[in-house]
$ cat coords12.pdb   # PDB, C-alpha atoms, pLDDT in the B column
ATOM      1  CA  MET A   1       0.000   0.000   0.000  1.00 69.00           C
ATOM      2  CA  LYS A   2       2.789   2.436   0.922  1.00 73.00           C
ATOM      3  CA  LYS A   3       4.555   1.636  -2.334  1.00 73.00           C
ATOM      4  CA  LYS A   4       1.479   2.588  -4.391  1.00 71.00           C
ATOM      5  CA  VAL A   5       1.111   5.856  -2.484  1.00 67.00           C
ATOM      6  CA  ILE A   6       4.775   6.724  -3.050  1.00 74.00           C
ATOM      7  CA  ILE A   7       4.557   5.857  -6.767  1.00 73.00           C
ATOM      8  CA  GLY A   8       1.365   7.927  -7.079  1.00 69.00           C
ATOM      9  CA  PHE A   9       2.977  10.857  -5.274  1.00 70.00           C
ATOM     10  CA  VAL A  10       6.089  10.725  -7.502  1.00 70.00           C
ATOM     11  CA  ALA A  11       3.875  10.515 -10.611  1.00 69.00           C
ATOM     12  CA  LEU A  12       1.888  13.533  -9.427  1.00 71.00           C
ATOM     13  CA  ILE A  13       5.080  15.542  -8.819  1.00 79.00           C
ATOM     14  CA  LEU A  14       6.388  14.612 -12.293  1.00 71.00           C
ATOM     15  CA  LEU A  15       3.097  15.637 -13.883  1.00 68.00           C
ATOM     16  CA  ILE A  16       3.199  19.003 -12.108  1.00 75.00           C
ATOM     17  CA  VAL A  17       6.813  19.593 -13.180  1.00 70.00           C
ATOM     18  CA  ILE A  18       6.012  18.701 -16.811  1.00 68.00           C
ATOM     19  CA  CYS A  19       3.000  21.043 -16.826  1.00 56.00           C
ATOM     20  CA  LEU A  20       5.089  23.864 -15.361  1.00 59.00           C
ATOM     21  CA  LEU A  21       7.834  23.354 -17.941  1.00 58.00           C
ATOM     22  CA  ILE A  22       5.310  23.438 -20.766  1.00 57.00           C
ATOM     23  CA  PHE A  23       3.692  26.589 -19.366  1.00 54.00           C
ATOM     24  CA  ILE A  24       7.002  28.367 -18.705  1.00 58.00           C
ATOM     25  CA  ASN A  25       8.539  27.476 -22.081  1.00 53.00           C
ATOM     26  CA  LYS A  26       5.417  28.181 -24.109  1.00 51.00           C
ATOM     27  CA  PRO A  27       6.524  30.403 -26.989  1.00 58.00           C
ATOM     28  CA  VAL A  28       5.017  33.862 -27.122  1.00 62.00           C
ATOM     29  CA  GLU A  29       2.881  34.379 -30.175  1.00 86.00           C
ATOM     30  CA  LYS A  30       4.270  37.214 -32.287  1.00 92.00           C
ATOM     31  CA  PHE A  31       2.319  40.433 -32.071  1.00 93.00           C
ATOM     32  CA  TYR A  32       2.229  43.940 -33.503  1.00 91.00           C
ATOM     33  CA  LEU A  33       3.098  47.020 -31.523  1.00 93.00           C
ATOM     34  CA  GLU A  34       0.452  49.730 -31.492  1.00 94.00           C
ATOM     35  CA  ASN A  35       0.046  51.187 -35.010  1.00 92.00           C
ATOM     36  CA  LYS A  36       1.405  54.573 -33.915  1.00 94.00           C
ATOM     37  CA  TYR A  37       4.883  53.059 -33.396  1.00 93.00           C
ATOM     38  CA  TYR A  38       5.290  52.093 -37.043  1.00 93.00           C
ATOM     39  CA  GLY A  39       6.246  54.607 -39.704  1.00 92.00           C
ATOM     40  CA  ASN A  40       8.786  56.743 -37.872  1.00 90.00           C
ATOM     41  CA  ASN A  41      11.980  56.198 -35.938  1.00 89.00           C
ATOM     42  CA  ASN A  42      11.658  58.536 -32.950  1.00 92.00           C
ATOM     43  CA  LEU A  43      13.219  57.695 -29.613  1.00 93.00           C
ATOM     44  CA  THR A  44      11.038  59.651 -27.192  1.00 95.00           C
ATOM     45  CA  GLU A  45      12.015  60.146 -23.560  1.00 95.00           C
ATOM     46  CA  ILE A  46       9.206  59.462 -21.102  1.00 95.00           C
ATOM     47  CA  ASN A  47       8.736  59.910 -17.370  1.00 93.00           C
ATOM     48  CA  VAL A  48       7.222  57.636 -14.704  1.00 92.00           C
ATOM     49  CA  LYS A  49       3.719  59.044 -15.198  1.00 93.00           C
ATOM     50  CA  THR A  50       3.784  58.364 -18.949  1.00 94.00           C
ATOM     51  CA  LEU A  51       5.226  54.868 -18.442  1.00 94.00           C
ATOM     52  CA  ASN A  52       2.476  54.012 -15.961  1.00 93.00           C
ATOM     53  CA  LYS A  53      -0.174  55.347 -18.360  1.00 94.00           C
ATOM     54  CA  LEU A  54       1.176  53.189 -21.209  1.00 95.00           C
ATOM     55  CA  ILE A  55       1.038  50.150 -18.926  1.00 94.00           C
ATOM     56  CA  ASP A  56      -2.433  51.011 -17.593  1.00 95.00           C
ATOM     57  CA  ASP A  57      -3.658  51.541 -21.172  1.00 96.00           C
ATOM     58  CA  LYS A  58      -2.301  48.060 -21.997  1.00 96.00           C
ATOM     59  CA  GLU A  59      -0.164  49.267 -24.883  1.00 96.00           C
ATOM     60  CA  SER A  60       2.384  47.187 -26.779  1.00 96.00           C
ATOM     61  CA  PHE A  61       5.652  49.093 -27.181  1.00 96.00           C
ATOM     62  CA  GLY A  62       9.441  49.019 -26.857  1.00 97.00           C
ATOM     63  CA  LEU A  63      11.334  50.760 -24.061  1.00 96.00           C
ATOM     64  CA  PHE A  64      15.049  51.542 -23.915  1.00 96.00           C
ATOM     65  CA  ILE A  65      16.350  51.749 -20.339  1.00 94.00           C
ATOM     66  CA  TYR A  66      19.521  53.838 -20.267  1.00 94.00           C
ATOM     67  CA  GLU A  67      21.677  56.089 -18.166  1.00 93.00           C
ATOM     68  CA  PRO A  68      22.844  59.318 -19.875  1.00 90.00           C
ATOM     69  CA  SER A  69      26.491  59.229 -18.814  1.00 88.00           C
ATOM     70  CA  CYS A  70      26.961  55.491 -19.464  1.00 88.00           C
ATOM     71  CA  ILE A  71      29.239  54.580 -22.389  1.00 91.00           C
ATOM     72  CA  THR A  72      27.499  51.220 -22.863  1.00 90.00           C
ATOM     73  CA  SER A  73      24.113  52.967 -22.976  1.00 89.00           C
ATOM     74  CA  ASN A  74      25.433  55.331 -25.648  1.00 91.00           C
ATOM     75  CA  GLU A  75      26.868  52.475 -27.694  1.00 92.00           C
ATOM     76  CA  PHE A  76      23.600  50.534 -27.521  1.00 93.00           C
ATOM     77  CA  ASN A  77      21.728  53.726 -28.430  1.00 94.00           C
ATOM     78  CA  GLU A  78      23.676  53.784 -31.726  1.00 95.00           C
ATOM     79  CA  VAL A  79      22.723  50.148 -32.465  1.00 95.00           C
ATOM     80  CA  LEU A  80      19.109  50.916 -31.583  1.00 94.00           C
ATOM     81  CA  SER A  81      19.073  54.055 -33.720  1.00 94.00           C
ATOM     82  CA  SER A  82      20.398  52.138 -36.724  1.00 94.00           C
ATOM     83  CA  PHE A  83      17.773  49.439 -36.172  1.00 94.00           C
ATOM     84  CA  GLN A  84      15.019  52.050 -35.928  1.00 94.00           C
ATOM     85  CA  LYS A  85      16.051  53.806 -39.130  1.00 94.00           C
ATOM     86  CA  GLU A  86      16.165  50.511 -41.004  1.00 93.00           C
ATOM     87  CA  ASN A  87      12.802  49.287 -39.687  1.00 94.00           C
ATOM     88  CA  ASN A  88      10.952  52.573 -39.135  1.00 94.00           C
ATOM     89  CA  ILE A  89       9.855  51.785 -35.574  1.00 95.00           C
ATOM     90  CA  GLU A  90       9.429  54.251 -32.729  1.00 96.00           C
ATOM     91  CA  PHE A  91      10.533  53.427 -29.183  1.00 97.00           C
ATOM     92  CA  TYR A  92      10.524  55.135 -25.826  1.00 96.00           C
ATOM     93  CA  LYS A  93      13.512  55.686 -23.591  1.00 96.00           C
ATOM     94  CA  PHE A  94      13.505  55.859 -19.832  1.00 93.00           C
ATOM     95  CA  PRO A  95      16.377  56.736 -17.476  1.00 95.00           C
ATOM     96  CA  PHE A  96      17.430  53.945 -15.129  1.00 92.00           C
ATOM     97  CA  SER A  97      17.814  56.530 -12.362  1.00 91.00           C
ATOM     98  CA  GLN A  98      13.982  56.877 -12.314  1.00 91.00           C
ATOM     99  CA  ILE A  99      13.245  53.148 -12.132  1.00 89.00           C
ATOM    100  CA  LYS A 100      12.749  53.048  -8.363  1.00 89.00           C
ATOM    101  CA  GLY A 101       9.092  52.678  -7.481  1.00 83.00           C
ATOM    102  CA  THR A 102       8.056  51.502 -10.961  1.00 86.00           C
ATOM    103  CA  SER A 103       7.002  48.017 -12.046  1.00 85.00           C
ATOM    104  CA  LEU A 104      10.397  47.742 -13.778  1.00 85.00           C
ATOM    105  CA  GLU A 105      12.279  47.858 -10.476  1.00 82.00           C
ATOM    106  CA  LYS A 106      11.660  44.141  -9.812  1.00 88.00           C
ATOM    107  CA  GLU A 107      12.899  43.072 -13.251  1.00 87.00           C
ATOM    108  CA  ILE A 108      15.615  45.464 -14.430  1.00 86.00           C
ATOM    109  CA  LYS A 109      18.682  45.363 -12.200  1.00 88.00           C
ATOM    110  CA  TYR A 110      21.273  46.876 -14.552  1.00 87.00           C
ATOM    111  CA  TYR A 111      21.420  49.185 -17.532  1.00 90.00           C
ATOM    112  CA  PRO A 112      21.263  49.474 -20.426  1.00 93.00           C
ATOM    113  CA  SER A 113      18.275  47.305 -21.147  1.00 93.00           C
ATOM    114  CA  PHE A 114      15.485  47.070 -23.662  1.00 96.00           C
ATOM    115  CA  VAL A 115      11.999  45.963 -22.660  1.00 96.00           C
ATOM    116  CA  ILE A 116       9.295  44.623 -24.955  1.00 96.00           C
ATOM    117  CA  TYR A 117       5.763  45.200 -23.693  1.00 95.00           C
ATOM    118  CA  LYS A 118       2.649  43.470 -24.967  1.00 96.00           C
ATOM    119  CA  ASP A 119      -0.695  44.727 -23.695  1.00 96.00           C
ATOM    120  CA  GLY A 120       1.039  46.522 -20.824  1.00 94.00           C
ATOM    121  CA  ASN A 121       2.960  43.436 -19.688  1.00 94.00           C
ATOM    122  CA  ILE A 122       6.675  42.745 -19.984  1.00 93.00           C
ATOM    123  CA  ILE A 123       7.263  39.982 -22.534  1.00 94.00           C
ATOM    124  CA  ASP A 124      11.065  39.992 -22.433  1.00 94.00           C
ATOM    125  CA  PHE A 125      13.981  42.295 -21.801  1.00 93.00           C
ATOM    126  CA  LEU A 126      17.705  42.444 -22.429  1.00 92.00           C
ATOM    127  CA  LYS A 127      19.854  41.793 -19.400  1.00 91.00           C
ATOM    128  CA  ALA A 128      23.068  43.801 -19.207  1.00 84.00           C
ATOM    129  CA  ASP A 129      24.700  41.098 -17.072  1.00 84.00           C
ATOM    130  CA  ASP A 130      23.734  38.146 -19.310  1.00 85.00           C
ATOM    131  CA  ASP A 131      26.290  36.769 -21.786  1.00 84.00           C
ATOM    132  CA  GLU A 132      23.460  35.600 -24.053  1.00 85.00           C
ATOM    133  CA  ASP A 133      22.350  39.214 -24.550  1.00 84.00           C
ATOM    134  CA  THR A 134      25.815  40.718 -25.101  1.00 86.00           C
ATOM    135  CA  ASN A 135      25.703  40.557 -28.905  1.00 88.00           C
ATOM    136  CA  ARG A 136      22.195  42.004 -28.926  1.00 91.00           C
ATOM    137  CA  TYR A 137      23.626  45.174 -27.417  1.00 87.00           C
ATOM    138  CA  LYS A 138      26.509  45.393 -29.891  1.00 90.00           C
ATOM    139  CA  ASN A 139      25.117  44.104 -33.170  1.00 89.00           C
ATOM    140  CA  LYS A 140      22.044  45.463 -34.966  1.00 92.00           C
ATOM    141  CA  ASP A 141      21.258  42.132 -36.636  1.00 94.00           C
ATOM    142  CA  ASP A 142      21.392  40.241 -33.338  1.00 94.00           C
ATOM    143  CA  PHE A 143      19.088  42.823 -31.755  1.00 95.00           C
ATOM    144  CA  LYS A 144      16.811  42.638 -34.802  1.00 95.00           C
ATOM    145  CA  ASN A 145      16.547  38.834 -34.581  1.00 94.00           C
ATOM    146  CA  TRP A 146      15.726  39.007 -30.876  1.00 95.00           C
ATOM    147  CA  PHE A 147      13.177  41.824 -31.276  1.00 95.00           C
ATOM    148  CA  PHE A 148      11.404  40.256 -34.245  1.00 95.00           C
ATOM    149  CA  SER A 149      11.206  36.903 -32.474  1.00 95.00           C
ATOM    150  CA  TYR A 150       8.423  38.627 -30.483  1.00 96.00           C
ATOM    151  CA  VAL A 151       7.197  41.535 -32.570  1.00 96.00           C
ATOM    152  CA  LYS A 152       5.783  41.467 -36.097  1.00 91.00           C
ATOM    153  CA  SER A 153       7.218  43.827 -38.667  1.00 89.00           C
ATOM    154  CA  LYS A 154       5.008  45.976 -40.849  1.00 83.00           C
ATOM    155  CA  SER A 155       7.568  46.435 -43.609  1.00 68.00           C
TER
END

$ encode --input "coords12.pdb" --output "structure tokens"
Amino acid sequence: MKKKVIIGFVALILLIVICLLIFINKPVEKFYLENKYYGNNNLTEINVKTLNKLIDDKESFGLFIYEPSCITSNEFNEVLSSFQKENNIEFYKFPFSQIKGTSLEKEIKYYPSFVIYKDGNIIDFLKADDDEDTNRYKNKDDFKNWFFSYVKSKS
């Protein structure tokens, strides 16, 4: 009897783990940003109030987290600018120094970063301390592949 209970318990744990892995690794279906972000290549600075409104309005958009005096932020800004000109997509930028007290504070620990929002929720973001993201900061094509693995292009 004890053996059957143990086997049942182990099977239940395995089933839960498998379900969690499927849920966690479920690919995000590609989506469009809001229409207003296609057709120009502006990089508009926003404040906390505007960021919260975009999230509350459940918008889909891209957000560059930067720090003005950071060399790495400036280098990534050049990659981002080149990407924007090529693909005619508008993004927002937000200073890391204002992140405290926002919903980003839990997720973004270092700068620069780039956050993709869908319907006001974070879908993914670049991590400044992650080797996997390093080339996405330095190479336009690597950033482009990452970005368009989530977002649909209108070109």

$ atom_distance --input "coords12.pdb" --atom1 "CA of Glu59 (chain A)" --atom2 "CA of Glu90 (chain A)"
13.4 Å

$ closest_residue --input "coords12.pdb" --among "A:Ile7, A:Val48, A:Leu54, A:Leu63" --to "Gln98 (chain A)" --atoms "all atoms listed in the file"
A:Val48

$ atom_distance --input "coords12.pdb" --atom1 "CA of Lys144 (chain A)" --atom2 "CA of Ile99 (chain A)"
25.2 Å

$ residues_around --input "coords12.pdb" --residues "region 100-113 of chain A" --least-positions-apart "3" --cutoff "8 Å" --atoms "all atoms listed in the file" --output "JSON, numbers by chain"
{"A": [48, 52, 64, 65, 66, 67, 72, 73, 76, 96, 97, 125, 126, 127, 128, 129]}

$ closest_residue --input "coords12.pdb" --among "A:Asn121, A:Ser82, A:Asn35, A:Asn135" --to "Asp56 (chain A)" --atoms "only C-alpha atoms"
A:Asn121

$ closest_residue --input "coords12.pdb" --among "A:Gly62, A:Gly39, A:Pro68, A:Pro95" --to "Lys118 (chain A)" --atoms "all atoms listed in the file"
A:Gly62

$ atom_distance --input "coords12.pdb" --atom1 "CA of Gly120 (chain A)" --atom2 "CA of Ser60 (chain A)"
6.1 Å

$ closest_residue --input "coords12.pdb" --among "A:Val79, A:Leu51, A:Val17, A:Val115" --to "Arg136 (chain A)" --atoms "all atoms listed in the file"
A:Val79

$ closest_residue --input "coords12.pdb" --among "A:Lys140, A:Lys152, A:Lys36, A:Lys2" --to "Gln84 (chain A)" --atoms "all atoms listed in the file"
A:Lys140

$ residues_around --input "coords12.pdb" --residues "Asp124 (chain A)" --least-positions-apart "3" --cutoff "9 Å" --atoms "all atoms listed in the file" --output "VMD selection string"
chain A and resid 114 to 117 150

$ decode --input "coords12.pdb" --residues "region 36-48 of chain A" --atoms "all heavy atoms" --output "PDB file, in the first residue's frame"
ATOM      1  N   LYS A  36       0.713  53.277 -33.957  1.00  0.00           N
ATOM      2  CA  LYS A  36       1.405  54.573 -33.915  1.00  0.00           C
ATOM      3  C   LYS A  36       2.926  54.430 -33.832  1.00  0.00           C
ATOM      4  O   LYS A  36       3.638  55.400 -34.065  1.00  0.00           O
ATOM      5  CB  LYS A  36       0.898  55.417 -32.750  1.00  0.00           C
ATOM      6  CG  LYS A  36       1.186  54.843 -31.378  1.00  0.00           C
ATOM      7  CD  LYS A  36       0.567  55.715 -30.288  1.00  0.00           C
ATOM      8  CE  LYS A  36       0.775  55.129 -28.911  1.00  0.00           C
ATOM      9  NZ  LYS A  36       0.132  55.945 -27.887  1.00  0.00           N
ATOM     10  N   TYR A  37       3.438  53.252 -33.513  1.00  0.00           N
ATOM     11  CA  TYR A  37       4.883  53.059 -33.396  1.00  0.00           C
ATOM     12  C   TYR A  37       5.544  52.664 -34.718  1.00  0.00           C
ATOM     13  O   TYR A  37       6.759  52.589 -34.799  1.00  0.00           O
ATOM     14  CB  TYR A  37       5.205  52.031 -32.312  1.00  0.00           C
ATOM     15  CG  TYR A  37       4.692  52.456 -30.961  1.00  0.00           C
ATOM     16  CD1 TYR A  37       3.735  51.716 -30.299  1.00  0.00           C
ATOM     17  CD2 TYR A  37       5.143  53.638 -30.371  1.00  0.00           C
ATOM     18  CE1 TYR A  37       3.246  52.121 -29.064  1.00  0.00           C
ATOM     19  CE2 TYR A  37       4.649  54.047 -29.148  1.00  0.00           C
ATOM     20  CZ  TYR A  37       3.702  53.282 -28.502  1.00  0.00           C
ATOM     21  OH  TYR A  37       3.221  53.702 -27.280  1.00  0.00           O
ATOM     22  N   TYR A  38       4.749  52.424 -35.724  1.00  0.00           N
ATOM     23  CA  TYR A  38       5.290  52.093 -37.043  1.00  0.00           C
ATOM     24  C   TYR A  38       5.244  53.334 -37.922  1.00  0.00           C
ATOM     25  O   TYR A  38       4.317  54.123 -37.852  1.00  0.00           O
ATOM     26  CB  TYR A  38       4.479  50.966 -37.692  1.00  0.00           C
ATOM     27  CG  TYR A  38       4.555  49.651 -36.960  1.00  0.00           C
ATOM     28  CD1 TYR A  38       3.576  49.272 -36.054  1.00  0.00           C
ATOM     29  CD2 TYR A  38       5.624  48.779 -37.171  1.00  0.00           C
ATOM     30  CE1 TYR A  38       3.643  48.062 -35.382  1.00  0.00           C
ATOM     31  CE2 TYR A  38       5.704  47.563 -36.504  1.00  0.00           C
ATOM     32  CZ  TYR A  38       4.707  47.212 -35.611  1.00  0.00           C
ATOM     33  OH  TYR A  38       4.782  46.017 -34.944  1.00  0.00           O
ATOM     34  N   GLY A  39       6.259  53.511 -38.744  1.00  0.00           N
ATOM     35  CA  GLY A  39       6.246  54.607 -39.704  1.00  0.00           C
ATOM     36  C   GLY A  39       7.168  55.750 -39.362  1.00  0.00           C
ATOM     37  O   GLY A  39       7.310  56.672 -40.143  1.00  0.00           O
ATOM     38  N   ASN A  40       7.777  55.737 -38.192  1.00  0.00           N
ATOM     39  CA  ASN A  40       8.786  56.743 -37.872  1.00  0.00           C
ATOM     40  C   ASN A  40       9.819  56.101 -36.970  1.00  0.00           C
ATOM     41  O   ASN A  40       9.640  54.979 -36.510  1.00  0.00           O
ATOM     42  CB  ASN A  40       8.158  57.996 -37.228  1.00  0.00           C
ATOM     43  CG  ASN A  40       7.524  57.705 -35.889  1.00  0.00           C
ATOM     44  OD1 ASN A  40       8.199  57.305 -34.952  1.00  0.00           O
ATOM     45  ND2 ASN A  40       6.220  57.910 -35.792  1.00  0.00           N
ATOM     46  N   ASN A  41      10.900  56.801 -36.728  1.00  0.00           N
ATOM     47  CA  ASN A  41      11.980  56.198 -35.938  1.00  0.00           C
ATOM     48  C   ASN A  41      12.376  57.086 -34.754  1.00  0.00           C
ATOM     49  O   ASN A  41      13.542  57.187 -34.414  1.00  0.00           O
ATOM     50  CB  ASN A  41      13.189  55.869 -36.814  1.00  0.00           C
ATOM     51  CG  ASN A  41      13.682  57.059 -37.599  1.00  0.00           C
ATOM     52  OD1 ASN A  41      13.391  58.194 -37.261  1.00  0.00           O
ATOM     53  ND2 ASN A  41      14.440  56.792 -38.647  1.00  0.00           N
ATOM     54  N   ASN A  42      11.388  57.692 -34.117  1.00  0.00           N
ATOM     55  CA  ASN A  42      11.658  58.536 -32.950  1.00  0.00           C
ATOM     56  C   ASN A  42      12.068  57.684 -31.746  1.00  0.00           C
ATOM     57  O   ASN A  42      11.624  56.551 -31.592  1.00  0.00           O
ATOM     58  CB  ASN A  42      10.425  59.355 -32.571  1.00  0.00           C
ATOM     59  CG  ASN A  42      10.037  60.333 -33.654  1.00  0.00           C
ATOM     60  OD1 ASN A  42      10.871  60.800 -34.412  1.00  0.00           O
ATOM     61  ND2 ASN A  42       8.754  60.630 -33.738  1.00  0.00           N
ATOM     62  N   LEU A  43      12.874  58.279 -30.901  1.00  0.00           N
ATOM     63  CA  LEU A  43      13.219  57.695 -29.613  1.00  0.00           C
ATOM     64  C   LEU A  43      12.832  58.753 -28.584  1.00  0.00           C
ATOM     65  O   LEU A  43      13.582  59.685 -28.312  1.00  0.00           O
ATOM     66  CB  LEU A  43      14.704  57.347 -29.537  1.00  0.00           C
ATOM     67  CG  LEU A  43      15.178  56.610 -28.292  1.00  0.00           C
ATOM     68  CD1 LEU A  43      14.430  55.294 -28.119  1.00  0.00           C
ATOM     69  CD2 LEU A  43      16.672  56.335 -28.379  1.00  0.00           C
ATOM     70  N   THR A  44      11.642  58.626 -28.027  1.00  0.00           N
ATOM     71  CA  THR A  44      11.038  59.651 -27.192  1.00  0.00           C
ATOM     72  C   THR A  44      11.257  59.352 -25.714  1.00  0.00           C
ATOM     73  O   THR A  44      10.908  58.270 -25.243  1.00  0.00           O
ATOM     74  CB  THR A  44       9.521  59.735 -27.464  1.00  0.00           C
ATOM     75  OG1 THR A  44       9.318  59.926 -28.865  1.00  0.00           O
ATOM     76  CG2 THR A  44       8.875  60.854 -26.678  1.00  0.00           C
ATOM     77  N   GLU A  45      11.813  60.310 -25.005  1.00  0.00           N
ATOM     78  CA  GLU A  45      12.015  60.146 -23.560  1.00  0.00           C
ATOM     79  C   GLU A  45      10.683  60.307 -22.838  1.00  0.00           C
ATOM     80  O   GLU A  45       9.906  61.209 -23.143  1.00  0.00           O
ATOM     81  CB  GLU A  45      13.019  61.158 -23.033  1.00  0.00           C
ATOM     82  CG  GLU A  45      13.235  61.029 -21.550  1.00  0.00           C
ATOM     83  CD  GLU A  45      14.694  61.086 -21.143  1.00  0.00           C
ATOM     84  OE1 GLU A  45      15.555  61.325 -22.001  1.00  0.00           O
ATOM     85  OE2 GLU A  45      14.968  60.884 -19.958  1.00  0.00           O
ATOM     86  N   ILE A  46      10.434  59.393 -21.889  1.00  0.00           N
ATOM     87  CA  ILE A  46       9.206  59.462 -21.102  1.00  0.00           C
ATOM     88  C   ILE A  46       9.551  59.488 -19.610  1.00  0.00           C
ATOM     89  O   ILE A  46      10.661  59.146 -19.216  1.00  0.00           O
ATOM     90  CB  ILE A  46       8.241  58.292 -21.413  1.00  0.00           C
ATOM     91  CG1 ILE A  46       8.896  56.941 -21.111  1.00  0.00           C
ATOM     92  CG2 ILE A  46       7.739  58.387 -22.836  1.00  0.00           C
ATOM     93  CD1 ILE A  46       7.947  55.761 -21.217  1.00  0.00           C
ATOM     94  N   ASN A  47       8.565  59.879 -18.820  1.00  0.00           N
ATOM     95  CA  ASN A  47       8.736  59.910 -17.370  1.00  0.00           C
ATOM     96  C   ASN A  47       7.899  58.786 -16.740  1.00  0.00           C
ATOM     97  O   ASN A  47       7.209  58.037 -17.447  1.00  0.00           O
ATOM     98  CB  ASN A  47       8.361  61.285 -16.808  1.00  0.00           C
ATOM     99  CG  ASN A  47       6.933  61.682 -17.148  1.00  0.00           C
ATOM    100  OD1 ASN A  47       6.060  60.848 -17.347  1.00  0.00           O
ATOM    101  ND2 ASN A  47       6.690  62.978 -17.219  1.00  0.00           N
ATOM    102  N   VAL A  48       7.931  58.700 -15.423  1.00  0.00           N
ATOM    103  CA  VAL A  48       7.222  57.636 -14.704  1.00  0.00           C
ATOM    104  C   VAL A  48       5.721  57.688 -14.978  1.00  0.00           C
ATOM    105  O   VAL A  48       5.081  56.653 -15.213  1.00  0.00           O
ATOM    106  CB  VAL A  48       7.496  57.726 -13.181  1.00  0.00           C
ATOM    107  CG1 VAL A  48       6.653  56.734 -12.408  1.00  0.00           C
ATOM    108  CG2 VAL A  48       8.966  57.511 -12.883  1.00  0.00           C
TER     109      VAL A  48
END
